[in-house]
$ cat query.csv   # CSV, C-alpha atoms
chain,number,residue,atom,x,y,z
A,1,ILE,CA,-13.0,-11.8,-10.9
A,2,ASN,CA,-15.6,-13.5,-13.0
A,3,GLU,CA,-19.4,-13.3,-12.5
A,4,LYS,CA,-19.5,-16.8,-10.9
A,5,LYS,CA,-17.0,-15.9,-8.2
A,6,ILE,CA,-18.8,-12.6,-7.6
A,7,HIS,CA,-22.1,-14.5,-7.0
A,8,ILE,CA,-20.3,-16.9,-4.6
A,9,ILE,CA,-18.8,-13.9,-2.7
A,10,LEU,CA,-22.2,-12.2,-2.4
A,11,ILE,CA,-23.9,-15.4,-1.2
A,12,LEU,CA,-21.2,-16.0,1.4
A,13,ASP,CA,-21.4,-12.4,2.6
A,14,LEU,CA,-25.2,-12.7,3.0
A,15,LEU,CA,-24.8,-15.9,5.0
A,16,LYS,CA,-22.2,-14.2,7.2
A,17,LYS,CA,-24.7,-11.4,7.9
A,18,ILE,CA,-27.6,-13.8,8.6
A,19,PHE,CA,-25.4,-15.8,11.0
A,20,SER,CA,-24.1,-12.7,12.8
A,21,LEU,CA,-27.6,-11.3,13.1
A,22,ILE,CA,-28.9,-14.5,14.7
A,23,ILE,CA,-26.0,-14.5,17.2
A,24,LEU,CA,-26.7,-10.8,18.1
A,25,VAL,CA,-30.4,-11.5,18.7
A,26,LEU,CA,-29.8,-14.6,20.8
A,27,LEU,CA,-27.2,-12.9,23.0
A,28,PHE,CA,-28.7,-9.5,22.9
A,29,PRO,CA,-28.3,-8.6,26.6
A,30,ILE,CA,-24.6,-9.6,26.6
A,31,TYR,CA,-23.9,-7.6,23.4
A,32,LEU,CA,-25.9,-4.6,24.7
A,33,SER,CA,-23.7,-4.6,27.9
A,34,PHE,CA,-20.6,-4.7,25.7
A,35,LEU,CA,-21.7,-1.8,23.5
A,36,LEU,CA,-22.4,0.2,26.7
A,37,TYR,CA,-18.9,-0.6,27.9
A,38,LEU,CA,-17.5,0.7,24.6
A,39,LYS,CA,-19.5,3.9,24.8
A,40,LYS,CA,-18.4,4.5,28.4
A,41,LYS,CA,-14.7,4.0,27.4
A,42,LYS,CA,-15.2,6.0,24.2
A,43,LEU,CA,-13.9,3.1,22.1
A,44,THR,CA,-14.9,2.4,18.4
A,45,LEU,CA,-14.4,-1.1,17.0
A,46,ILE,CA,-12.4,-1.4,13.8
A,47,SER,CA,-13.2,-3.8,11.0
A,48,ILE,CA,-10.3,-4.0,8.6
A,49,ASN,CA,-8.3,-6.4,6.4
A,50,THR,CA,-5.5,-7.6,8.7
A,51,TRP,CA,-4.3,-10.6,6.7
A,52,GLN,CA,-2.6,-8.5,4.0
A,53,ILE,CA,0.2,-6.3,5.1
A,54,GLY,CA,-0.5,-3.5,2.7
A,55,ALA,CA,-4.2,-3.4,3.5
A,56,LEU,CA,-3.6,-3.6,7.2
A,57,ILE,CA,-1.3,-0.5,7.1
A,58,GLN,CA,-3.4,1.5,4.7
A,59,GLN,CA,-6.7,0.9,6.4
A,60,LEU,CA,-5.5,1.3,10.0
A,61,ASP,CA,-3.4,4.4,9.4
A,62,SER,CA,-6.1,6.1,7.3
A,63,ILE,CA,-8.8,5.5,9.9
A,64,ILE,CA,-6.6,6.8,12.8
A,65,LYS,CA,-5.3,9.8,10.9
A,66,ASN,CA,-8.8,10.8,9.8
A,67,ASN,CA,-10.1,10.6,13.4
A,68,LYS,CA,-7.2,11.7,15.6
A,69,ASN,CA,-9.5,12.7,18.5
A,70,LYS,CA,-11.1,9.2,18.7
A,71,LYS,CA,-9.8,6.0,20.2
A,72,PHE,CA,-10.2,2.8,18.3
A,73,PHE,CA,-10.3,-0.8,19.4
A,74,LEU,CA,-8.6,-3.4,17.2
A,75,ILE,CA,-9.2,-7.0,18.2
A,76,CYS,CA,-7.2,-9.5,16.2
A,77,PRO,CA,-5.4,-12.8,17.3
A,78,ASP,CA,-1.8,-13.2,16.1
A,79,TYR,CA,-2.8,-15.9,13.6
A,80,LEU,CA,-5.1,-13.5,11.7
A,81,ILE,CA,-2.7,-10.5,11.4
A,82,GLU,CA,0.1,-10.3,8.9
A,83,PHE,CA,2.4,-8.0,10.9
A,84,LYS,CA,1.6,-8.5,14.6
A,85,SER,CA,3.8,-5.7,16.0
A,86,PHE,CA,2.7,-3.0,13.6
A,87,PRO,CA,-0.3,-1.6,15.6
A,88,GLU,CA,2.2,-0.9,18.5
A,89,ILE,CA,3.5,2.2,16.7
A,90,TYR,CA,0.2,4.0,17.4
A,91,ARG,CA,-0.3,6.0,20.6
A,92,LYS,CA,-2.5,4.4,23.3
A,93,LYS,CA,-4.8,7.4,23.2
A,94,ASN,CA,-5.7,6.5,19.6
A,95,LEU,CA,-5.6,2.7,19.6
A,96,LYS,CA,-6.4,-0.1,22.0
A,97,TYR,CA,-5.1,-3.4,20.7
A,98,SER,CA,-6.1,-6.9,21.9
A,99,LYS,CA,-4.8,-10.2,20.6
A,100,SER,CA,-7.5,-12.3,22.4
A,101,SER,CA,-9.1,-15.0,20.3
A,102,ILE,CA,-12.0,-15.3,22.7
A,103,LEU,CA,-12.7,-11.6,22.5
A,104,TYR,CA,-12.3,-11.7,18.7
A,105,PHE,CA,-14.9,-14.4,18.2
A,106,PHE,CA,-17.2,-12.6,20.6
A,107,VAL,CA,-17.1,-9.3,18.7
A,108,TYR,CA,-17.1,-10.8,15.2
A,109,PRO,CA,-20.8,-10.4,14.7
A,110,LEU,CA,-20.5,-6.7,15.5
A,111,LEU,CA,-17.7,-6.3,13.0
A,112,VAL,CA,-19.9,-7.5,10.2
A,113,PHE,CA,-22.2,-4.5,10.5
A,114,LYS,CA,-21.2,-0.9,10.0
A,115,GLU,CA,-23.6,0.2,12.6
A,116,PHE,CA,-21.3,-1.2,15.3
A,117,SER,CA,-17.8,-0.8,13.8
A,118,THR,CA,-15.8,1.4,11.5
A,119,ASP,CA,-14.3,0.2,8.2
A,120,ALA,CA,-12.0,1.9,5.7
A,121,TYR,CA,-14.0,2.0,2.5
A,122,GLU,CA,-13.9,5.8,2.2
A,123,PHE,CA,-10.1,5.5,1.8
A,124,GLU,CA,-10.0,2.6,-0.7
A,125,VAL,CA,-7.8,2.8,-3.8
A,126,LEU,CA,-10.7,2.0,-6.2
A,127,ASN,CA,-13.3,4.3,-4.5
A,128,LYS,CA,-13.9,7.1,-7.0
A,129,ASN,CA,-14.6,9.5,-4.1
A,130,SER,CA,-11.7,8.2,-2.0
A,131,LYS,CA,-10.5,10.5,0.8
A,132,PHE,CA,-7.1,8.7,0.8
A,133,ASN,CA,-4.9,11.4,-0.5
A,134,LYS,CA,-6.7,14.1,1.4
A,135,VAL,CA,-6.1,12.4,4.7
A,136,HIS,CA,-2.4,11.5,4.0
A,137,ALA,CA,-1.6,15.0,2.8
A,138,GLN,CA,-1.6,15.8,6.6
A,139,LYS,CA,1.7,14.6,8.0
A,140,ASN,CA,1.1,15.4,11.6
A,141,TYR,CA,1.0,12.1,13.5
A,142,ASN,CA,3.7,11.2,16.0
A,143,TYR,CA,4.4,7.5,15.7
A,144,ASN,CA,6.0,5.5,18.5
A,145,TYR,CA,8.7,3.4,16.7
A,146,LYS,CA,10.4,2.4,19.9
A,147,ASN,CA,8.0,-0.4,20.7
A,148,LEU,CA,8.8,-1.9,17.3
A,149,PHE,CA,12.5,-1.4,17.1
A,150,LYS,CA,13.3,-2.7,20.5
A,151,LYS,CA,12.5,-6.1,19.0
A,152,LEU,CA,15.3,-5.8,16.4
A,153,ASN,CA,17.7,-8.8,16.6
A,154,PHE,CA,20.2,-8.1,13.8
A,155,ASN,CA,23.4,-6.2,13.6
A,156,ILE,CA,23.2,-2.7,12.0
A,157,ASN,CA,26.6,-1.8,10.6
A,158,SER,CA,25.9,-0.6,7.1
A,159,ASN,CA,26.4,2.9,5.7
A,160,GLN,CA,22.7,3.8,5.8
A,161,SER,CA,23.2,7.2,4.0
A,162,ARG,CA,23.9,5.2,0.8
A,163,LEU,CA,21.2,2.6,1.3
A,164,VAL,CA,18.6,2.0,-1.4
A,165,THR,CA,15.9,-0.6,-0.7
A,166,ILE,CA,13.8,-2.3,-3.5
A,167,HIS,CA,10.6,-4.3,-3.5
A,168,ILE,CA,9.3,-5.9,-6.7
A,169,LYS,CA,5.9,-7.6,-6.8
A,170,ASP,CA,7.0,-10.1,-9.4
A,171,GLU,CA,4.9,-12.5,-11.4
A,172,PHE,CA,5.8,-15.4,-9.1
A,173,PHE,CA,4.2,-13.7,-6.0
A,174,ILE,CA,0.6,-14.7,-6.9
A,175,LYS,CA,-1.2,-17.3,-9.0
A,176,GLY,CA,-2.9,-15.9,-12.1
A,177,SER,CA,-2.6,-12.5,-13.6
A,178,SER,CA,-2.4,-9.1,-11.8
A,179,THR,CA,-2.2,-5.5,-13.0
A,180,ARG,CA,0.3,-4.8,-10.2
A,181,ILE,CA,3.2,-7.1,-11.0
A,182,SER,CA,6.6,-6.2,-12.4
A,183,ASN,CA,9.5,-8.2,-14.0
A,184,TYR,CA,12.8,-8.1,-12.1
A,185,LYS,CA,14.7,-7.8,-15.4
A,186,SER,CA,13.4,-4.2,-15.9
A,187,TYR,CA,15.3,-3.2,-12.7
A,188,MET,CA,18.7,-4.6,-13.6
A,189,LYS,CA,19.9,-1.3,-15.3
A,190,THR,CA,18.9,0.6,-12.2
A,191,ILE,CA,20.6,-1.8,-9.9
A,192,ARG,CA,23.8,-1.6,-11.9
A,193,TRP,CA,23.7,2.2,-11.9
A,194,LEU,CA,23.2,2.2,-8.1
A,195,ILE,CA,26.1,-0.1,-7.4
A,196,LYS,CA,28.4,1.8,-9.8
A,197,ASN,CA,27.6,5.0,-7.8
A,198,ASN,CA,28.5,3.4,-4.5
A,199,TYR,CA,25.0,2.7,-3.2
A,200,LYS,CA,24.2,-0.3,-1.1
A,201,VAL,CA,21.2,-2.1,-2.5
A,202,VAL,CA,18.8,-4.4,-0.5
A,203,ARG,CA,16.1,-6.2,-2.4
A,204,PHE,CA,13.2,-7.7,-0.4
A,205,VAL,CA,12.2,-11.1,-1.8
A,206,HIS,CA,9.7,-13.9,-1.1
A,207,PRO,CA,10.3,-17.7,-1.4
A,208,LYS,CA,9.2,-17.9,-5.0
A,209,SER,CA,11.2,-15.0,-6.3
A,210,ILE,CA,14.0,-15.5,-8.7
A,211,ARG,CA,17.1,-15.0,-6.5
A,212,ASP,CA,20.6,-13.8,-6.9
A,213,ILE,CA,19.8,-11.6,-9.8
A,214,PHE,CA,23.0,-9.5,-9.2
A,215,LYS,CA,26.4,-10.4,-7.9
A,216,HIS,CA,28.2,-7.8,-5.8
A,217,LYS,CA,29.3,-7.2,-2.2
A,218,ASN,CA,26.9,-4.2,-2.0
A,219,TYR,CA,23.8,-6.1,-3.3
A,220,HIS,CA,21.8,-8.1,-0.9
A,221,GLU,CA,18.5,-10.0,-0.9
A,222,LEU,CA,16.4,-10.4,2.3
A,223,THR,CA,13.2,-12.3,2.9
A,224,THR,CA,10.3,-11.0,5.0
A,225,LEU,CA,8.6,-14.1,6.1
A,226,ASN,CA,8.5,-14.0,9.9
A,227,GLU,CA,7.8,-11.2,12.4
A,228,SER,CA,11.5,-10.5,13.0
A,229,GLU,CA,12.1,-10.2,9.2
A,230,LYS,CA,9.1,-7.8,8.8
A,231,ILE,CA,10.5,-5.6,11.6
A,232,ARG,CA,13.9,-5.7,9.9
A,233,GLN,CA,12.3,-4.6,6.6
A,234,PHE,CA,10.4,-1.8,8.2
A,235,TYR,CA,13.7,-0.6,9.9
A,236,LEU,CA,15.7,-0.7,6.7
A,237,ILE,CA,13.1,1.1,4.7
A,238,LYS,CA,13.0,3.8,7.4
A,239,LYS,CA,16.8,4.2,7.2
A,240,SER,CA,17.0,4.2,3.4
A,241,LYS,CA,17.9,7.1,1.2
A,242,LEU,CA,15.3,5.8,-1.3
A,243,PHE,CA,12.8,3.0,-1.4
A,244,ILE,CA,11.8,1.8,-4.9
A,245,CYS,CA,8.6,-0.1,-4.8
A,246,THR,CA,5.5,-1.1,-6.7
A,247,GLN,CA,1.9,-0.7,-5.6
A,248,SER,CA,1.9,-3.6,-3.2
A,249,GLY,CA,2.3,-4.4,0.5
A,250,PRO,CA,5.5,-2.5,1.6
A,251,ALA,CA,4.4,0.6,-0.4
A,252,SER,CA,2.0,1.3,2.5
A,253,TYR,CA,4.9,2.1,4.8
A,254,ASN,CA,5.0,5.4,2.8
A,255,PHE,CA,2.2,6.7,5.1
A,256,VAL,CA,4.1,6.1,8.3
A,257,LEU,CA,7.8,6.7,7.3
A,258,ASN,CA,9.6,9.9,6.2
A,259,THR,CA,11.8,8.0,3.7
A,260,THR,CA,11.7,9.1,0.0
A,261,PHE,CA,9.6,6.6,-2.0
A,262,LEU,CA,9.8,6.0,-5.8
A,263,GLN,CA,6.8,4.0,-6.9
A,264,VAL,CA,7.1,2.5,-10.3
A,265,ASN,CA,4.6,0.6,-12.4
A,266,SER,CA,1.9,2.5,-10.4
A,267,TYR,CA,-1.5,1.0,-11.1
A,268,PRO,CA,-4.4,1.7,-10.6
A,269,ILE,CA,-3.9,5.5,-10.5
A,270,ASN,CA,-7.2,6.6,-9.0
A,271,VAL,CA,-5.2,7.7,-6.0
A,272,SER,CA,-1.5,8.2,-5.6
A,273,PHE,CA,-0.2,5.5,-3.3
A,274,VAL,CA,2.9,7.6,-2.5
A,275,THR,CA,1.7,10.7,-0.6
A,276,LYS,CA,4.6,12.9,0.6
A,277,SER,CA,6.1,15.9,-1.2
A,278,LYS,CA,9.5,14.0,-1.2
A,279,ASP,CA,7.9,11.0,-3.0
A,280,TYR,CA,7.8,10.2,-6.7
A,281,LEU,CA,5.8,8.0,-9.0
A,282,ILE,CA,5.8,6.8,-12.6
A,283,TYR,CA,2.7,4.9,-13.8
A,284,LYS,CA,1.8,2.1,-16.2
A,285,SER,CA,0.5,3.2,-19.6
A,286,ILE,CA,-2.2,1.8,-21.9
A,287,LYS,CA,-1.9,1.4,-25.6
A,288,LYS,CA,-4.4,0.7,-28.4
A,289,ASN,CA,-3.4,0.0,-32.0
A,290,GLY,CA,0.2,0.8,-31.1
A,291,LYS,CA,-0.6,4.3,-29.8
A,292,TYR,CA,-0.6,5.5,-26.2
A,293,VAL,CA,-4.0,6.3,-24.7
A,294,SER,CA,-4.1,9.7,-23.0
A,295,LEU,CA,-4.6,9.9,-19.3
A,296,LYS,CA,-7.9,11.7,-19.8
A,297,ASP,CA,-9.2,9.0,-22.2
A,298,MET,CA,-8.1,6.3,-19.7
A,299,ILE,CA,-10.2,8.0,-17.0
A,300,LYS,CA,-13.2,8.4,-19.3
A,301,LYS,CA,-13.2,4.6,-19.9
A,302,ASN,CA,-12.4,3.9,-16.2
A,303,LEU,CA,-9.1,2.3,-17.3
A,304,HIS,CA,-7.4,4.2,-14.4
A,305,LEU,CA,-9.3,2.0,-12.0
A,306,TYR,CA,-9.1,-1.5,-13.5
A,307,PHE,CA,-8.0,-3.4,-16.6
A,308,ASN,CA,-9.2,-6.8,-17.7
A,309,PRO,CA,-8.2,-7.9,-21.3
A,310,LEU,CA,-11.0,-10.5,-21.1
A,311,LYS,CA,-13.7,-7.9,-20.8
A,312,LYS,CA,-15.3,-6.9,-24.1
A,313,GLU,CA,-14.8,-3.2,-23.5
A,314,HIS,CA,-11.1,-3.7,-23.0
A,315,HIS,CA,-10.4,-5.7,-26.1
A,316,GLY,CA,-7.6,-4.1,-28.2
A,317,TYR,CA,-6.1,-2.4,-25.2
A,318,ILE,CA,-2.7,-3.3,-23.7
A,319,LEU,CA,-1.5,-2.4,-20.2
A,320,LYS,CA,2.2,-1.6,-20.5
A,321,ASN,CA,4.7,-1.8,-17.6
A,322,ASN,CA,7.3,0.9,-17.2
A,323,SER,CA,10.4,0.1,-19.2
A,324,SER,CA,13.9,-0.6,-17.9
A,325,GLN,CA,14.9,2.9,-19.2
A,326,GLU,CA,12.0,4.6,-17.5
A,327,ILE,CA,12.8,3.0,-14.1
A,328,TYR,CA,16.5,3.9,-14.5
A,329,GLU,CA,15.8,7.5,-15.5
A,330,ALA,CA,13.3,8.0,-12.6
A,331,THR,CA,15.8,6.6,-10.1
A,332,ARG,CA,18.6,8.8,-11.4
A,333,ASP,CA,16.3,11.9,-11.5
A,334,VAL,CA,15.3,11.4,-7.9
A,335,LEU,CA,18.7,10.7,-6.4
A,336,SER,CA,20.3,13.5,-8.5
A,337,LYS,CA,17.6,15.8,-7.3
A,338,ASN,CA,16.7,16.9,-10.8
A,339,LYS,CA,13.7,19.0,-11.5
A,340,SER,CA,10.3,17.3,-10.8
A,341,TYR,CA,6.6,18.2,-11.1
A,342,TYR,CA,3.8,17.9,-8.7
A,343,PHE,CA,1.4,15.2,-9.9
A,344,SER,CA,-1.6,17.2,-8.5
A,345,ASN,CA,-0.6,20.2,-10.7
A,346,TYR,CA,-0.3,17.9,-13.7
A,347,LEU,CA,-3.8,16.6,-13.1
A,348,LYS,CA,-5.2,20.0,-12.6
A,349,GLY,CA,-3.6,21.2,-15.8
A,350,LEU,CA,-5.5,18.5,-17.7
A,351,ASN,CA,-8.7,19.2,-15.8
A,352,ILE,CA,-8.7,15.7,-14.4
A,353,GLU,CA,-10.8,15.3,-11.3
A,354,ILE,CA,-9.7,12.1,-9.5
A,355,PRO,CA,-8.8,11.6,-5.8
A,356,ALA,CA,-5.1,11.7,-6.7
A,357,ARG,CA,-5.3,15.4,-7.3
A,358,TYR,CA,-4.8,15.9,-3.5
A,359,THR,CA,-1.5,14.1,-3.4
A,360,LEU,CA,1.8,15.9,-2.6
A,361,SER,CA,3.9,13.4,-4.6
A,362,LYS,CA,5.8,14.3,-7.8
A,363,ILE,CA,6.7,13.0,-11.2
A,364,PRO,CA,10.4,12.8,-12.1
A,365,LYS,CA,11.7,15.0,-15.0
A,366,LYS,CA,12.2,12.4,-17.7
A,367,PHE,CA,8.8,10.7,-17.1
A,368,TYR,CA,7.1,14.0,-17.1
A,369,GLU,CA,8.6,14.9,-20.5
A,370,LYS,CA,7.3,11.6,-21.9
A,371,ILE,CA,3.7,11.8,-20.6
A,372,SER,CA,3.4,15.5,-21.6
A,373,LYS,CA,3.8,14.5,-25.2
A,374,ILE,CA,1.0,11.9,-24.9
A,375,ASN,CA,-1.4,14.1,-23.0

$ encode --input "query.csv" --output "structure tokens"
Amino acid sequence: INEKKIHIILILDLLKKIFSLIILVLLFPIYLSFLLYLKKKKLTLISINTWQIGALIQQLDSIIKNNKNKKFFLICPDYLIEFKSFPEIYRKKNLKYSKSSILYFFVYPLLVFKEFSTDAYEFEVLNKNSKFNKVHAQKNYNYNYKNLFKKLNFNINSNQSRLVTIHIKDEFFIKGSSTRISNYKSYMKTIRWLIKNNYKVVRFVHPKSIRDIFKHKNYHELTTLNESEKIRQFYLIKKSKLFICTQSGPASYNFVLNTTFLQVNSYPINVSFVTKSKDYLIYKSIKKNGKYVSLKDMIKKNLHLYFNPLKKEHHGYILKNNSSQEIYEATRDVLSKNKSYYFSNYLKGLNIEIPARYTLSKIPKKFYEKISKIN
């Protein structure tokens, strides 16, 4: 984001706060009564990003898991939430969920101020002191999937023990550049290997994706546009033997599902977005003058948090995606149950202090051998 856009965002944020404060003052008696009601019912308002599926899941799940003895109140109309049914997997003792537009516009001024609501900044990916991996190292929440899966409206007749699902955030997903995108071509070797070894592969796509990248009866492409398709995606990932993803929307299902995740092209790497001991990651590397930059040097220059080739301090550096060979080797290592290494132990061995040191996820054998030579 350039400086002009930052200034516009700051001005809009200030105007939003001024407007909200005026409303709270003018309607003080009414808002006071509402706050007393929340206190009596022991409810805490949540202020989160609901219009992006990854942020919705990450923020809501982190807040609830970090405060399992509290009950939160999420107020969000259907037209402002990306996955309407998702909040229903939480227990009623932890989450009250309202879709009322009238109630949303009434409480909006309260959501603007941290004094009246809870946000998820302490779990953010780019927060240097993020509690994200600490919170998600505790896998002790009992989700209620029944509310979600009773809405399924498609036939389930595949051999799910051999199902591998894939999501690629490709360059056609957004306008402009992004450090989180991947090219579908780097997955082709992996898909061929999976099909050859009798796996059924489902790739989740969006309308602008390049389609039909592989022709085989056991390769399928599914969209995730409407609510029914999102529930279908959630279900198929849950039933998969492996979900291969990048650090984007569906990767957040890692926190609420027991499926093995392999996250490739991981970036940024301040936290590990895959969190379980059965999960794996391989991350993007940075080169300068044709040589790999060590992880320790990346962190010294904050290159583990963000990369912008237009910034003066980043001139000469190149952010490199994982190669086709690296993605293939990682997939093979995971499904073959080859030796792996805890990412947290790797960081500790390098004396690297970032929030990811609390993750339970692992690094596949071949990728570990490569980065060990660099670091």

$ closest_residue --input "query.csv" --among "A:Ile81, A:Thr359, A:Gln325, A:Gly54" --to "A:Thr246" --atoms "all atoms listed in the file"
A:Gly54

$ closest_atom_pairs --input "query.csv" --of "stretch 203-295 of chain A" --to "stretch 360-375 of chain A" --cutoff "7 Å" --atoms "all atoms listed in the file" --output "Markdown table"
| residue | atom | partner | partner_atom | distance |
| --- | --- | --- | --- | --- |
| A:Val274 | CA | A:Ser361 | CA | 6.2 |
| A:Thr275 | CA | A:Ser361 | CA | 5.3 |
| A:Lys276 | CA | A:Leu360 | CA | 5.2 |
| A:Ser277 | CA | A:Leu360 | CA | 4.5 |
| A:Lys278 | CA | A:Ser361 | CA | 6.6 |
| A:Asp279 | CA | A:Ser361 | CA | 4.9 |
| A:Tyr280 | CA | A:Lys362 | CA | 4.7 |
| A:Leu281 | CA | A:Ile363 | CA | 5.5 |
| A:Ile282 | CA | A:Ile363 | CA | 6.4 |
| A:Tyr292 | CA | A:Ile374 | CA | 6.7 |
| A:Ser294 | CA | A:Asn375 | CA | 5.2 |
| A:Leu295 | CA | A:Asn375 | CA | 6.4 |

$ atom_distance --input "query.csv" --atom1 "atom CA of A:Thr165" --atom2 "atom CA of A:Leu148"
19.4 Å

$ closest_residue --input "query.csv" --among "A:Ser266, A:Gln233, A:Ser98, A:Asn133" --to "A:Ile354" --atoms "all atoms listed in the file"
A:Asn133

$ residues_around --input "query.csv" --residues "A:Tyr187" --least-positions-apart "2" --cutoff "8 Å" --atoms "all atoms listed in the file" --output "NGL selection string"
:A and (183-185 or 189-191 or 324 or 327-328)

$ residues_around --input "query.csv" --residues "A:Gly316" --least-positions-apart "3" --cutoff "10 Å" --atoms "all atoms listed in the file" --output "number ranges by chain"
A: 287-290, 309, 312-313

$ atom_distance --input "query.csv" --atom1 "atom CA of A:Leu236" --atom2 "atom CA of A:Asn198"
17.5 Å

$ atom_distance --input "query.csv" --atom1 "atom CA of A:Ala55" --atom2 "atom CA of A:Ser85"
15.0 Å

$ closest_residue --input "query.csv" --among "A:Tyr37, A:Asn302, A:Val256, A:Phe113" --to "A:Leu126" --atoms "all atoms listed in the file"
A:Asn302

$ closest_residue --input "query.csv" --among "A:Arg357, A:His315, A:Lys239, A:Arg162" --to "A:Asn218" --atoms "only C-alpha atoms"
A:Arg162

$ residues_around --input "query.csv" --residues "A:Asn67" --least-positions-apart "5" --cutoff "12 Å" --atoms "only C-alpha atoms" --output "PyMOL selection string"
chain A and resi 44+60-62+72+93-95+118+120+135+141

$ closest_residue --input "query.csv" --among "A:Ile48, A:Ile89, A:Leu36, A:Met188" --to "A:Leu257" --atoms "all atoms listed in the file"
A:Ile89

$ residues_around --input "query.csv" --residues "A:Glu115" --least-positions-apart "6" --cutoff "12 Å" --atoms "only C-alpha atoms" --output "list in words"
Leu35, Thr44, Leu45, Ile46, Ser47 and Pro109 of chain A

$ write_last_selection --input "query.csv" --atoms "C-alpha atoms" --output "PDB file, in the frame of the given file"
ATOM      1  CA  LEU A  35     -21.700  -1.800  23.500  1.00  0.00           C
ATOM      2  CA  THR A  44     -14.900   2.400  18.400  1.00  0.00           C
ATOM      3  CA  LEU A  45     -14.400  -1.100  17.000  1.00  0.00           C
ATOM      4  CA  ILE A  46     -12.400  -1.400  13.800  1.00  0.00           C
ATOM      5  CA  SER A  47     -13.200  -3.800  11.000  1.00  0.00           C
ATOM      6  CA  PRO A 109     -20.800 -10.400  14.700  1.00  0.00           C
TER       7      PRO A 109
END

$ decode --input "query.csv" --residues "stretch 118-131 of chain A" --atoms "N, CA and C atoms" --output "CSV table (one decimal), in the first residue's frame"
chain,number,residue,atom,x,y,z
A,118,THR,N,-14.4,-6.6,21.4
A,118,THR,CA,-13.2,-7.4,21.3
A,118,THR,C,-12.8,-7.6,19.8
A,119,ASP,N,-11.5,-7.3,19.5
A,119,ASP,CA,-11.0,-7.6,18.1
A,119,ASP,C,-10.0,-8.6,18.2
A,120,ALA,N,-9.3,-9.0,17.1
A,120,ALA,CA,-8.4,-10.1,17.0
A,120,ALA,C,-7.0,-9.7,16.7
A,121,TYR,N,-6.6,-8.4,17.0
A,121,TYR,CA,-5.3,-8.0,16.6
A,121,TYR,C,-4.2,-8.8,17.3
A,122,GLU,N,-4.4,-9.3,18.5
A,122,GLU,CA,-3.3,-10.0,19.2
A,122,GLU,C,-3.0,-11.4,18.5
A,123,PHE,N,-3.9,-11.8,17.6
A,123,PHE,CA,-3.7,-13.0,16.9
A,123,PHE,C,-3.3,-12.8,15.4
A,124,GLU,N,-3.1,-11.6,15.0
A,124,GLU,CA,-2.8,-11.3,13.6
A,124,GLU,C,-1.5,-11.8,13.1
A,125,VAL,N,-1.5,-12.2,11.8
A,125,VAL,CA,-0.3,-12.8,11.2
A,125,VAL,C,0.9,-11.9,11.2
A,126,LEU,N,0.7,-10.6,11.1
A,126,LEU,CA,1.8,-9.7,11.0
A,126,LEU,C,2.2,-9.0,12.3
A,127,ASN,N,1.5,-9.4,13.4
A,127,ASN,CA,1.8,-8.9,14.7
A,127,ASN,C,3.1,-9.6,15.2
A,128,LYS,N,4.1,-8.8,15.5
A,128,LYS,CA,5.4,-9.4,15.9
A,128,LYS,C,5.3,-10.2,17.3
A,129,ASN,N,4.2,-9.8,18.0
A,129,ASN,CA,4.0,-10.5,19.3
A,129,ASN,C,2.7,-11.4,19.3
A,130,SER,N,2.4,-11.8,18.1
A,130,SER,CA,1.1,-12.6,17.9
A,130,SER,C,1.0,-13.8,18.8
A,131,LYS,N,-0.2,-14.0,19.4
A,131,LYS,CA,-0.4,-15.1,20.2
A,131,LYS,C,-1.0,-16.3,19.4
